[in-house]
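S.K.: Structure file final.pdb, PDB, C-alpha atoms, pLDDT in the B column, is pasted below:
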```pdb
MODEL        1
ATOM      1  CA  MET A 242     -34.201 111.254 106.857  1.00 35.00           C
ATOM      2  CA  ALA A 243     -35.260 110.070 103.427  1.00 34.00           C
ATOM      3  CA  GLN A 244     -33.626 112.894 101.499  1.00 39.00           C
ATOM      4  CA  GLN A 245     -30.284 114.266 102.685  1.00 45.00           C
ATOM      5  CA  GLN A 246     -30.340 117.572 100.833  1.00 47.00           C
ATOM      6  CA  VAL A 247     -29.701 121.117 101.968  1.00 43.00           C
ATOM      7  CA  SER A 248     -32.583 123.362 100.968  1.00 54.00           C
ATOM      8  CA  LEU A 249     -34.073 126.600 102.220  1.00 48.00           C
ATOM      9  CA  ASN A 250     -37.344 125.594 100.547  1.00 60.00           C
ATOM     10  CA  ASP A 251     -38.089 123.175 103.387  1.00 70.00           C
ATOM     11  CA  ARG A 252     -40.261 125.305 105.689  1.00 71.00           C
ATOM     12  CA  ASP A 253     -39.867 123.085 108.741  1.00 76.00           C
ATOM     13  CA  LEU A 254     -36.109 122.958 108.313  1.00 73.00           C
ATOM     14  CA  LEU A 255     -35.864 126.715 107.779  1.00 71.00           C
ATOM     15  CA  GLU A 256     -37.924 127.653 110.818  1.00 77.00           C
ATOM     16  CA  SER A 257     -36.289 125.138 113.132  1.00 81.00           C
ATOM     17  CA  VAL A 258     -32.747 126.052 112.132  1.00 87.00           C
ATOM     18  CA  LYS A 259     -33.629 129.710 112.690  1.00 85.00           C
ATOM     19  CA  THR A 260     -34.571 128.710 116.224  1.00 87.00           C
ATOM     20  CA  LEU A 261     -31.272 126.861 116.576  1.00 91.00           C
ATOM     21  CA  ARG A 262     -29.351 129.921 115.381  1.00 92.00           C
ATOM     22  CA  THR A 263     -31.257 132.159 117.813  1.00 89.00           C
ATOM     23  CA  ASN A 264     -30.551 129.846 120.731  1.00 89.00           C
ATOM     24  CA  ILE A 265     -26.855 129.845 119.884  1.00 92.00           C
ATOM     25  CA  ASP A 266     -26.956 133.653 119.945  1.00 89.00           C
ATOM     26  CA  PHE A 267     -28.694 133.610 123.345  1.00 87.00           C
ATOM     27  CA  ALA A 268     -26.034 131.240 124.694  1.00 86.00           C
ATOM     28  CA  GLY A 269     -23.409 133.848 123.841  1.00 81.00           C
ATOM     29  CA  ILE A 270     -24.952 137.028 125.226  1.00 81.00           C
ATOM     30  CA  ASP A 271     -21.927 137.839 127.416  1.00 84.00           C
ATOM     31  CA  GLU A 272     -19.340 136.438 125.002  1.00 88.00           C
ATOM     32  CA  PRO A 273     -20.581 136.036 121.407  1.00 92.00           C
ATOM     33  CA  ILE A 274     -20.266 132.511 120.046  1.00 96.00           C
ATOM     34  CA  ARG A 275     -18.336 132.617 116.772  1.00 97.00           C
ATOM     35  CA  SER A 276     -17.240 129.011 116.346  1.00 98.00           C
ATOM     36  CA  ILE A 277     -18.868 125.649 117.054  1.00 98.00           C
ATOM     37  CA  ILE A 278     -18.485 121.986 116.248  1.00 98.00           C
ATOM     38  CA  LEU A 279     -21.280 119.567 115.424  1.00 96.00           C
ATOM     39  CA  THR A 280     -20.988 115.924 116.345  1.00 95.00           C
ATOM     40  CA  SER A 281     -23.265 112.964 117.059  1.00 93.00           C
ATOM     41  CA  ALA A 282     -23.272 109.673 118.892  1.00 88.00           C
ATOM     42  CA  GLU A 283     -23.508 107.470 115.817  1.00 86.00           C
ATOM     43  CA  LYS A 284     -23.253 107.473 112.050  1.00 87.00           C
ATOM     44  CA  GLY A 285     -26.398 108.451 110.160  1.00 82.00           C
ATOM     45  CA  ASP A 286     -27.821 110.904 112.711  1.00 79.00           C
ATOM     46  CA  GLY A 287     -28.003 113.758 110.188  1.00 84.00           C
ATOM     47  CA  LYS A 288     -25.107 115.731 111.646  1.00 90.00           C
ATOM     48  CA  SER A 289     -23.705 117.037 108.352  1.00 90.00           C
ATOM     49  CA  LEU A 290     -27.139 118.045 107.079  1.00 88.00           C
ATOM     50  CA  ILE A 291     -27.786 120.071 110.229  1.00 90.00           C
ATOM     51  CA  ALA A 292     -24.345 121.667 109.960  1.00 93.00           C
ATOM     52  CA  CYS A 293     -25.054 122.759 106.381  1.00 93.00           C
ATOM     53  CA  ALA A 294     -28.508 124.080 107.179  1.00 92.00           C
ATOM     54  CA  LEU A 295     -27.174 126.035 110.146  1.00 95.00           C
ATOM     55  CA  ALA A 296     -24.418 127.492 107.969  1.00 95.00           C
ATOM     56  CA  ILE A 297     -27.043 128.690 105.490  1.00 93.00           C
ATOM     57  CA  ALA A 298     -29.072 130.269 108.312  1.00 93.00           C
ATOM     58  CA  GLU A 299     -26.028 132.042 109.727  1.00 96.00           C
ATOM     59  CA  SER A 300     -25.059 133.412 106.322  1.00 95.00           C
ATOM     60  CA  ALA A 301     -28.648 134.557 105.719  1.00 93.00           C
ATOM     61  CA  ALA A 302     -28.319 136.579 108.936  1.00 94.00           C
ATOM     62  CA  LYS A 303     -25.555 138.581 107.212  1.00 95.00           C
ATOM     63  CA  LYS A 304     -22.753 136.722 108.954  1.00 97.00           C
ATOM     64  CA  ARG A 305     -19.699 135.827 106.898  1.00 98.00           C
ATOM     65  CA  THR A 306     -19.817 132.097 107.512  1.00 98.00           C
ATOM     66  CA  LEU A 307     -17.346 129.259 106.972  1.00 98.00           C
ATOM     67  CA  ILE A 308     -18.178 125.568 107.292  1.00 98.00           C
ATOM     68  CA  ILE A 309     -15.180 123.257 107.647  1.00 97.00           C
ATOM     69  CA  ASP A 310     -15.478 119.590 106.741  1.00 94.00           C
ATOM     70  CA  ASN A 311     -13.473 117.868 109.472  1.00 92.00           C
ATOM     71  CA  ASP A 312     -14.985 114.425 108.910  1.00 90.00           C
ATOM     72  CA  PHE A 313     -11.944 112.919 107.212  1.00 90.00           C
ATOM     73  CA  ARG A 314     -13.437 109.438 107.010  1.00 88.00           C
ATOM     74  CA  ASN A 315     -16.779 110.390 105.483  1.00 88.00           C
ATOM     75  CA  PRO A 316     -16.669 113.988 104.154  1.00 90.00           C
ATOM     76  CA  GLN A 317     -20.104 115.228 103.096  1.00 89.00           C
ATOM     77  CA  ILE A 318     -20.068 119.034 103.154  1.00 93.00           C
ATOM     78  CA  ALA A 319     -18.634 119.604  99.671  1.00 91.00           C
ATOM     79  CA  ASN A 320     -21.168 117.148  98.247  1.00 87.00           C
ATOM     80  CA  HIS A 321     -24.073 118.963  99.894  1.00 88.00           C
ATOM     81  CA  PHE A 322     -23.023 122.277  98.388  1.00 92.00           C
ATOM     82  CA  HIS A 323     -21.858 120.813  95.061  1.00 89.00           C
ATOM     83  CA  VAL A 324     -18.341 122.198  95.382  1.00 91.00           C
ATOM     84  CA  ARG A 325     -14.953 120.515  95.558  1.00 87.00           C
ATOM     85  CA  GLY A 326     -11.589 121.756  96.769  1.00 85.00           C
ATOM     86  CA  ARG A 327      -8.552 121.279  94.577  1.00 86.00           C
ATOM     87  CA  PHE A 328      -5.911 121.442  97.309  1.00 89.00           C
ATOM     88  CA  LYS A 329      -4.514 118.615  99.423  1.00 89.00           C
ATOM     89  CA  LEU A 330      -4.638 118.873 103.202  1.00 91.00           C
ATOM     90  CA  ALA A 331      -0.896 119.516 103.513  1.00 90.00           C
ATOM     91  CA  THR A 332      -1.311 122.585 101.318  1.00 93.00           C
ATOM     92  CA  VAL A 333      -4.414 123.869 103.105  1.00 94.00           C
ATOM     93  CA  LEU A 334      -2.619 123.581 106.453  1.00 94.00           C
ATOM     94  CA  GLN A 335      -0.106 126.113 105.179  1.00 93.00           C
ATOM     95  CA  ALA A 336      -2.835 128.760 104.820  1.00 95.00           C
ATOM     96  CA  THR A 337      -2.267 132.129 106.474  1.00 95.00           C
ATOM     97  CA  GLU A 338      -4.476 135.095 107.211  1.00 94.00           C
ATOM     98  CA  ASP A 339      -3.335 136.638 103.935  1.00 96.00           C
ATOM     99  CA  ASN A 340      -4.227 133.715 101.672  1.00 96.00           C
ATOM    100  CA  LEU A 341      -6.895 131.699 103.533  1.00 97.00           C
ATOM    101  CA  MET A 342      -9.606 132.815 101.105  1.00 96.00           C
ATOM    102  CA  ASP A 343      -7.682 131.144  98.270  1.00 96.00           C
ATOM    103  CA  PHE A 344      -8.650 127.813  99.814  1.00 96.00           C
ATOM    104  CA  CYS A 345     -12.255 128.662 100.729  1.00 96.00           C
ATOM    105  CA  LEU A 346     -14.906 127.665  98.207  1.00 96.00           C
ATOM    106  CA  GLU A 347     -17.789 129.974  97.391  1.00 96.00           C
ATOM    107  CA  THR A 348     -21.297 128.520  97.474  1.00 95.00           C
ATOM    108  CA  LYS A 349     -24.476 129.756  95.837  1.00 93.00           C
ATOM    109  CA  TYR A 350     -25.448 131.291  99.190  1.00 94.00           C
ATOM    110  CA  PRO A 351     -24.126 134.833  99.800  1.00 95.00           C
ATOM    111  CA  ASN A 352     -21.611 135.062 102.673  1.00 96.00           C
ATOM    112  CA  LEU A 353     -21.214 131.278 102.868  1.00 97.00           C
ATOM    113  CA  TYR A 354     -17.941 129.448 102.173  1.00 98.00           C
ATOM    114  CA  VAL A 355     -16.722 125.849 102.489  1.00 97.00           C
ATOM    115  CA  LEU A 356     -13.246 124.746 103.553  1.00 96.00           C
ATOM    116  CA  ASP A 357     -12.753 121.270 102.145  1.00 91.00           C
ATOM    117  CA  LEU A 358      -9.817 119.550 103.838  1.00 86.00           C
ATOM    118  CA  GLY A 359      -9.383 116.966 101.131  1.00 71.00           C
ATOM    119  CA  ASN A 360      -9.717 113.225 100.685  1.00 71.00           C
ATOM    120  CA  ARG A 361     -10.402 110.528 103.236  1.00 73.00           C
ATOM    121  CA  ARG A 362      -7.518 109.770 105.596  1.00 78.00           C
ATOM    122  CA  SER A 363      -6.904 107.691 108.721  1.00 78.00           C
ATOM    123  CA  ASP A 364      -4.417 109.918 110.579  1.00 88.00           C
ATOM    124  CA  SER A 365      -6.967 112.470 111.754  1.00 91.00           C
ATOM    125  CA  VAL A 366      -5.780 112.422 115.385  1.00 93.00           C
ATOM    126  CA  GLU A 367      -2.283 113.476 114.340  1.00 94.00           C
ATOM    127  CA  VAL A 368      -3.678 116.196 112.055  1.00 94.00           C
ATOM    128  CA  LEU A 369      -6.102 117.637 114.606  1.00 95.00           C
ATOM    129  CA  SER A 370      -3.453 117.635 117.341  1.00 95.00           C
ATOM    130  CA  SER A 371      -0.939 119.502 115.207  1.00 96.00           C
ATOM    131  CA  ARG A 372       0.118 123.126 115.517  1.00 96.00           C
ATOM    132  CA  ARG A 373      -0.652 123.615 111.841  1.00 96.00           C
ATOM    133  CA  TYR A 374      -4.284 122.695 112.370  1.00 96.00           C
ATOM    134  CA  ASP A 375      -4.535 124.932 115.441  1.00 97.00           C
ATOM    135  CA  ALA A 376      -3.155 127.838 113.440  1.00 97.00           C
ATOM    136  CA  LEU A 377      -5.560 127.172 110.547  1.00 97.00           C
ATOM    137  CA  LEU A 378      -8.599 127.096 112.832  1.00 97.00           C
ATOM    138  CA  LYS A 379      -7.539 130.252 114.662  1.00 97.00           C
ATOM    139  CA  THR A 380      -7.043 132.026 111.344  1.00 97.00           C
ATOM    140  CA  ALA A 381     -10.491 130.924 110.131  1.00 98.00           C
ATOM    141  CA  ILE A 382     -12.164 132.157 113.326  1.00 97.00           C
ATOM    142  CA  LYS A 383     -10.390 135.486 112.961  1.00 97.00           C
ATOM    143  CA  LYS A 384     -11.375 135.937 109.311  1.00 97.00           C
ATOM    144  CA  PHE A 385     -15.041 134.890 109.542  1.00 98.00           C
ATOM    145  CA  ASP A 386     -17.987 135.993 111.649  1.00 98.00           C
ATOM    146  CA  PHE A 387     -19.071 132.410 112.260  1.00 98.00           C
ATOM    147  CA  VAL A 388     -17.257 129.078 111.813  1.00 98.00           C
ATOM    148  CA  ILE A 389     -18.947 125.657 111.874  1.00 98.00           C
ATOM    149  CA  VAL A 390     -16.802 122.526 112.071  1.00 98.00           C
ATOM    150  CA  ASP A 391     -18.405 119.246 111.030  1.00 96.00           C
ATOM    151  CA  THR A 392     -16.742 116.388 112.920  1.00 95.00           C
ATOM    152  CA  PRO A 393     -17.240 112.589 112.896  1.00 93.00           C
ATOM    153  CA  PRO A 394     -19.603 110.841 115.343  1.00 94.00           C
ATOM    154  CA  LEU A 395     -17.957 110.901 118.759  1.00 92.00           C
ATOM    155  CA  GLY A 396     -19.318 107.465 119.504  1.00 85.00           C
ATOM    156  CA  MET A 397     -17.036 106.138 116.752  1.00 90.00           C
ATOM    157  CA  PHE A 398     -14.004 108.459 116.683  1.00 93.00           C
ATOM    158  CA  ILE A 399     -12.304 110.842 119.111  1.00 95.00           C
ATOM    159  CA  ASP A 400     -11.949 113.729 116.617  1.00 95.00           C
ATOM    160  CA  ALA A 401     -14.749 115.898 118.014  1.00 96.00           C
ATOM    161  CA  ALA A 402     -13.221 115.827 121.498  1.00 96.00           C
ATOM    162  CA  LEU A 403      -9.952 117.105 120.038  1.00 97.00           C
ATOM    163  CA  VAL A 404     -11.518 119.994 118.124  1.00 97.00           C
ATOM    164  CA  ALA A 405     -14.319 121.099 120.478  1.00 97.00           C
ATOM    165  CA  PRO A 406     -12.059 122.778 123.088  1.00 97.00           C
ATOM    166  CA  LYS A 407     -10.567 124.914 120.306  1.00 97.00           C
ATOM    167  CA  THR A 408     -14.012 126.400 119.549  1.00 97.00           C
ATOM    168  CA  ASP A 409     -16.666 128.267 121.520  1.00 97.00           C
ATOM    169  CA  GLY A 410     -18.847 125.202 121.968  1.00 96.00           C
ATOM    170  CA  ALA A 411     -20.280 121.903 120.768  1.00 97.00           C
ATOM    171  CA  ILE A 412     -23.712 120.826 119.586  1.00 95.00           C
ATOM    172  CA  ILE A 413     -24.738 117.170 119.610  1.00 94.00           C
ATOM    173  CA  VAL A 414     -27.118 115.857 116.955  1.00 91.00           C
ATOM    174  CA  ILE A 415     -29.446 113.125 118.224  1.00 89.00           C
ATOM    175  CA  ARG A 416     -31.651 111.152 115.853  1.00 81.00           C
ATOM    176  CA  SER A 417     -35.113 110.452 117.206  1.00 71.00           C
ATOM    177  CA  GLY A 418     -35.922 106.755 117.487  1.00 65.00           C
ATOM    178  CA  LYS A 419     -32.345 105.729 116.668  1.00 70.00           C
ATOM    179  CA  ASN A 420     -29.938 106.740 119.433  1.00 67.00           C
ATOM    180  CA  ASP A 421     -30.165 105.094 122.822  1.00 74.00           C
ATOM    181  CA  ILE A 422     -29.733 107.242 125.908  1.00 85.00           C
ATOM    182  CA  GLN A 423     -26.455 105.577 126.916  1.00 88.00           C
ATOM    183  CA  SER A 424     -24.733 106.420 123.627  1.00 86.00           C
ATOM    184  CA  VAL A 425     -25.808 110.054 124.042  1.00 87.00           C
ATOM    185  CA  LYS A 426     -24.557 110.093 127.637  1.00 91.00           C
ATOM    186  CA  ASN A 427     -21.216 108.668 126.492  1.00 92.00           C
ATOM    187  CA  THR A 428     -20.912 111.403 123.873  1.00 93.00           C
ATOM    188  CA  ILE A 429     -21.639 114.087 126.469  1.00 93.00           C
ATOM    189  CA  SER A 430     -19.131 112.519 128.862  1.00 94.00           C
ATOM    190  CA  GLN A 431     -16.339 112.509 126.283  1.00 95.00           C
ATOM    191  CA  LEU A 432     -16.917 116.190 125.488  1.00 96.00           C
ATOM    192  CA  GLU A 433     -16.944 117.068 129.180  1.00 95.00           C
ATOM    193  CA  LYS A 434     -13.686 115.182 129.745  1.00 96.00           C
ATOM    194  CA  ALA A 435     -12.157 117.225 126.933  1.00 96.00           C
ATOM    195  CA  ASN A 436     -13.263 120.431 128.732  1.00 96.00           C
ATOM    196  CA  ALA A 437     -15.498 121.339 125.811  1.00 96.00           C
ATOM    197  CA  ARG A 438     -18.439 123.673 126.307  1.00 95.00           C
ATOM    198  CA  ILE A 439     -21.642 121.831 125.398  1.00 95.00           C
ATOM    199  CA  LEU A 440     -24.135 124.341 124.048  1.00 94.00           C
ATOM    200  CA  GLY A 441     -26.992 121.885 123.610  1.00 90.00           C
ATOM    201  CA  ALA A 442     -28.398 119.343 121.219  1.00 89.00           C
ATOM    202  CA  VAL A 443     -30.567 118.960 118.141  1.00 87.00           C
ATOM    203  CA  LEU A 444     -33.271 116.303 118.096  1.00 83.00           C
ATOM    204  CA  ASN A 445     -33.362 115.271 114.456  1.00 75.00           C
ATOM    205  CA  CYS A 446     -36.197 113.537 112.593  1.00 67.00           C
ATOM    206  CA  SER A 447     -38.806 113.870 115.283  1.00 63.00           C
ATOM    207  CA  LYS A 448     -42.311 113.843 113.861  1.00 62.00           C
ATOM    208  CA  LYS A 449     -44.465 116.952 113.776  1.00 57.00           C
ATOM    209  CA  LYS A 450     -47.491 117.018 111.513  1.00 47.00           C
ATOM    210  CA  HIS A 451     -46.006 114.146 109.494  1.00 38.00           C
ATOM    211  CA  SER A 452     -42.852 116.022 108.529  1.00 39.00           C
ATOM    212  CA  ASP A 453     -39.270 115.902 109.730  1.00 46.00           C
ATOM    213  CA  TYR A 454     -38.124 118.823 111.817  1.00 44.00           C
ATOM    214  CA  TYR A 455     -35.357 119.826 114.161  1.00 47.00           C
ATOM    215  CA  TYR A 456     -35.492 120.969 117.757  1.00 46.00           C
ATOM    216  CA  TYR A 457     -32.887 122.674 119.892  1.00 47.00           C
ATOM    217  CA  TYR A 458     -32.675 122.542 123.640  1.00 45.00           C
ATOM    218  CA  SER A 459     -30.056 123.718 126.100  1.00 49.00           C
ATOM    219  CA  LYS A 460     -28.138 121.497 128.472  1.00 49.00           C
ATOM    220  CA  LYS A 461     -30.418 122.623 131.326  1.00 47.00           C
ATOM    221  CA  GLU A 462     -33.498 121.691 129.323  1.00 43.00           C
ATOM    222  CA  HIS A 463     -31.896 118.340 128.504  1.00 41.00           C
ATOM    223  CA  ARG A 464     -32.278 117.362 132.153  1.00 39.00           C
ATOM    224  CA  THR A 465     -36.005 118.066 132.053  1.00 31.00           C
ATOM    225  CA  LYS A 466     -36.790 116.542 128.675  1.00 38.00           C
ATOM    226  CA  LYS A 467     -35.069 113.169 128.721  1.00 35.00           C
ATOM    227  CA  LYS A 468     -38.247 111.390 127.631  1.00 32.00           C
ATOM    228  CA  GLU A 469     -38.163 113.363 124.391  1.00 35.00           C
ATOM    229  CA  VAL A 470     -34.748 111.899 123.569  1.00 33.00           C
ATOM    230  CA  HIS A 471     -35.956 108.346 124.252  1.00 31.00           C
TER
ENDMDL
END
```
Represent the structure contained in this file as structure tokens.
M.R.:
Amino acid sequence: MAQQQVSLNDRDLLESVKTLRTNIDFAGIDEPIRSIILTSAEKGDGKSLIACALAIAESAAKKRTLIIDNDFRNPQIANHFHVRGRFKLATVLQATEDNLMDFCLETKYPNLYVLDLGNRRSDSVEVLSSRRYDALLKTAIKKFDFVIVDTPPLGMFIDAALVAPKTDGAIIVIRSGKNDIQSVKNTISQLEKANARILGAVLNCSKKKHSDYYYYYSKKEHRTKKKEVH
């Protein structure tokens, strides 16, 4: 996408992300979905942009929403929302139900907060496998109506497979004309091996009337629309 910027002024983005939010709701009719991760097969698929736009849509639906930047190697969420946390990861991991909001950053969107886990680091596997991280995520899910976790591309790093089973489901972002089918299959396979619930996928940057838009489809639909991914 030429311009990586979160904006509710983009009509195509707004309408498509509303559809994504609605489909997530439908996927949780029996058990409401309150936490998800977003990942992708490769770098540059627009994963963080979709995560931010979805967070805005959820908050606009009157849900108290938290987006967590779990991409330790290339954090983008704080930049998108023009906020910046002042606490190091070790401090944030000490958060409890009583003081979690001290670490959550307000955005210009009502009901929407960002949890910035700090600077780039290479020990993400150790962090995400820790009891401290588990406790932090559980606390966030308890305090908020909806939690979105932005994770690195699963085709490059294992992080998403570690976090996905701790949430209600995973969404894979696929960039039209960029990802090959095998890389997408590998991403799906890694999530399945981790016993993660795959909610579906977003086809990013497909062309519709000469503008970029986003499209959601369920796992069942994925089997009938493979040509669209190619």
S.K.: Looking at A:Arg262, A:Lys349, A:Arg416, A:Arg373, which one is nearest to A:His321, with distances taken over only C-alpha atoms?
M.R.: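 Distance minimum relative to A:His321 lands on A:Lys349.
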S.K.: Given the choices A:Arg325, A:Arg275, A:Arg252, A:Lys284, which gets closest to A:Ala296 if the distance is worked out from all atoms listed in the file?
M.R.: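 So, comparing all the options, the nearest one is A:Arg275.
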S.K.: As a list of chain:residue names, please: the residues near A:Lys434 (cut-off 12 Å, only C-alpha atoms, same-chain neighbours under 3 positions excluded).
M.R.: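 Skipping anything fewer than 3 positions along the chain leaves A:Ile399, A:Ala401, A:Ala402, A:Leu403, A:Ala405, A:Pro406, A:Asn427, A:Thr428, A:Ile429, A:Ser430, A:Gln431, A:Ala437, A:Arg438, A:Ile439.
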S.K.: Pick out the residues sitting within 10 Å of A:Gln335, and hand them over as a PyMOL selection string; count only C-alpha atoms, and ignore anything fewer than 3 positions along from it in its own chain.
M.R.: chain A and resi 330-332+340-341+373-374+376-377
S.K.: Nearest to A:Lys384: which of A:Asn311, A:Thr260, A:Thr337, A:Ser289 is it, counting only C-alpha atoms?
M.R.: A:Thr337
S.K.: Could you give me, as a VMD selection string, the residues within 8 Å of A:Leu346, counting only C-alpha atoms and dropping anything in the same chain fewer than 6 positions from it?
M.R.: chain A and resid 324 to 326 354 to 357
S.K.: Would you mind exporting C-alpha atoms of the selected residues as a PDB file, keeping the file's coordinate frame?
M.R.:
```pdb
ATOM      1  CA  VAL A 324     -18.341 122.198  95.382  1.00 91.00           C
ATOM      2  CA  ARG A 325     -14.953 120.515  95.558  1.00 87.00           C
ATOM      3  CA  GLY A 326     -11.589 121.756  96.769  1.00 85.00           C
ATOM      4  CA  TYR A 354     -17.941 129.448 102.173  1.00 98.00           C
ATOM      5  CA  VAL A 355     -16.722 125.849 102.489  1.00 97.00           C
ATOM      6  CA  LEU A 356     -13.246 124.746 103.553  1.00 96.00           C
ATOM      7  CA  ASP A 357     -12.753 121.270 102.145  1.00 91.00           C
TER       8      ASP A 357
END
```
S.K.: Which distance in Å separates atom CA of A:Asn445 and atom CA of A:Ser281, to one decimal?
M.R.: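 The value is 10.7 Å.
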S.K.: Pick the closest to A:Thr380 from A:Asp409, A:Glu338, A:Asp400, A:Glu256: which is it, counting only C-alpha atoms?
M.R.: A:Glu338
